[in-house]
Amino acid sequence: MIRIAICGNIASGKSTVQNILEKMNYKVLDTDVVSHELLTVKNKELFEAFKNYDLFENGEFSRYKVGQLIFSEEKQRQKIASIMHPQIAEKIKEFYKKYSSESLLFVGIPLLFESKMENLFDKIIFIYADDDIRLKRLISRNNYTIEHAKSRMSCQMPQDEKAKLSDFVIHNNGTHNELQKQLEKVLSSLV
């Protein structure tokens, strides 16, 4: 089994790559989904750490309010990360165990380098899209203001640094077809 990370900064096209892989019948774990599942008052460690903050709606964590907090306060982002990253790592290990008979397993993990989880993977595929393209995607996809989109983008480690630390870099500035062709080329070198 080869354990492969799919990473890339916000609005780079990680989800699109994950969707292509799933259509090709590969097993893919999306850590964005995992983190949403962990963001619950049932997560005792997280709840205890933030129960005195205004982060709740209808008795549950508000993803919007948590997002506002972590993108405006570095200390709180680190606090949430220190709780959730080890929990996400455990879910990744469970995924590996569940699908141990597969030859290739993929994990979409946007904050791979920030979370220092590189040791959980054999290969790293980085999805790279030019900053101006990512900015336009964020504004149109999420209805962000330019300022908010730039703020979200600046919270992540620069793309060029991540690309240097990756085994493969796929450029996603063009069409879906071009993206898929690059992905297929990477897959052919992994099999």
# chains A, B, ... in the order shown; residues from 1 in each chain; ligands from 1

call {"tool": "residues_around", "arguments": {"residues": "Pro158 in chain A", "least_positions_apart": "6", "cutoff": "10 Å", "atoms": "only C-alpha atoms", "output": "MDAnalysis selection string"}}
result
chainID A and resid 8:9 131

call {"tool": "residues_around", "arguments": {"residues": "range 11-16 of chain A", "least_positions_apart": "5", "cutoff": "6 Å", "atoms": "only C-alpha atoms", "output": "ChimeraX atom specification"}}
result
/A:128-129,134

call {"tool": "select_by_dssp", "arguments": {"residues": "range 1-152 of chain A", "states": "helix (DSSP H, G or I)", "output": "MDAnalysis selection string"}}
result
chainID A and resid 14:23 31:38 44:50 63:70 74:98 118:120 131:142 146:152

call {"tool": "closest_residue", "arguments": {"among": "A:Gln180, A:Ser166, A:Asn58, A:Gln87", "to": "Lys44 in chain A", "atoms": "only C-alpha atoms"}}
result
A:Gln87

call {"tool": "residues_around", "arguments": {"residues": "range 150-155 of chain A", "least_positions_apart": "3", "cutoff": "8 Å", "atoms": "only C-alpha atoms", "output": "list in words"}}
result
Asn9, Ile10, Phe71, Leu135, Ile146, Glu147 and Pro158 of chain A

call {"tool": "write_last_selection", "arguments": {"atoms": "C-alpha atoms", "output": "short mmCIF file (atom, residue, chain, number, x, y, z; two decimals), in the first residue's frame"}}
result
data_model
loop_
_atom_site.label_atom_id
_atom_site.label_comp_id
_atom_site.auth_asym_id
_atom_site.auth_seq_id
_atom_site.Cartn_x
_atom_site.Cartn_y
_atom_site.Cartn_z
CA ASN A 9 -3.53 25.76 -0.67
CA ILE A 10 -7.07 27.07 -0.53
CA PHE A 71 -8.67 33.29 10.67
CA LEU A 135 -8.21 34.54 -5.46
CA ILE A 146 -11.10 40.49 -1.78
CA GLU A 147 -9.78 41.33 1.69
CA PRO A 158 3.44 29.76 0.65
#

call {"tool": "closest_atom_pairs", "arguments": {"of": "range 45-115 of chain A", "to": "range 32-41 of chain A", "cutoff": "10 Å", "atoms": "only C-alpha atoms", "output": "CSV"}}
result
residue,atom,partner,partner_atom,distance
A:Glu45,CA,A:Val41,CA,9.0
A:Leu46,CA,A:Val41,CA,7.3
A:Phe47,CA,A:Val41,CA,5.3
A:Glu48,CA,A:Val41,CA,8.7
A:Phe50,CA,A:Val41,CA,9.6
A:Lys51,CA,A:Val41,CA,8.8
A:Phe56,CA,A:Val41,CA,9.0
A:Gly59,CA,A:Val41,CA,7.8
A:Glu60,CA,A:Val41,CA,5.8
A:Phe61,CA,A:Thr40,CA,5.8
A:Ser62,CA,A:Leu39,CA,8.7
A:Arg63,CA,A:Leu39,CA,7.8
A:Val66,CA,A:Leu39,CA,9.1
A:Ile80,CA,A:Leu39,CA,9.8
A:Met84,CA,A:Ser35,CA,7.3
A:His85,CA,A:Ser35,CA,8.7
A:Gln87,CA,A:Leu38,CA,8.0
A:Ile88,CA,A:Val34,CA,6.8
A:Lys91,CA,A:Val34,CA,7.6
A:Ile92,CA,A:Val34,CA,9.2
A:Gly108,CA,A:Asp32,CA,7.7
A:Ile109,CA,A:Asp32,CA,7.2
A:Pro110,CA,A:Asp32,CA,7.8
A:Leu111,CA,A:Asp32,CA,9.6

call {"tool": "residues_around", "arguments": {"residues": "Gln182 in chain A", "least_positions_apart": "5", "cutoff": "12 Å", "atoms": "only C-alpha atoms", "output": "PyMOL selection string"}}
result
chain A and resi 17+20+125-128+168-177+187-189

call {"tool": "atom_distance", "arguments": {"atom1": "CA of Tyr96 in chain A", "atom2": "CA of Asn19 in chain A"}}
result
19.0 Å

call {"tool": "closest_residue", "arguments": {"among": "A:Ile70, A:Ile2, A:Ile124, A:Leu179", "to": "Gln156 in chain A", "atoms": "only C-alpha atoms"}}
result
A:Ile70

call {"tool": "closest_residue", "arguments": {"among": "A:Glu74, A:Lys79, A:Glu114, A:Ile139", "to": "Gln159 in chain A", "atoms": "only C-alpha atoms"}}
result
A:Glu114

call {"tool": "atom_distance", "arguments": {"atom1": "CA of Ala149 in chain A", "atom2": "CA of Lys136 in chain A"}}
result
8.9 Å

call {"tool": "atom_distance", "arguments": {"atom1": "CA of Asn43 in chain A", "atom2": "CA of Thr31 in chain A"}}
result
16.2 Å

call {"tool": "select_by_dssp", "arguments": {"residues": "range 25-171 of chain A", "states": "strand (DSSP E or B)", "output": "PyMOL selection string"}}
result
chain A and resi 27-30+56-57+60-61+104-108+123-128+168-171
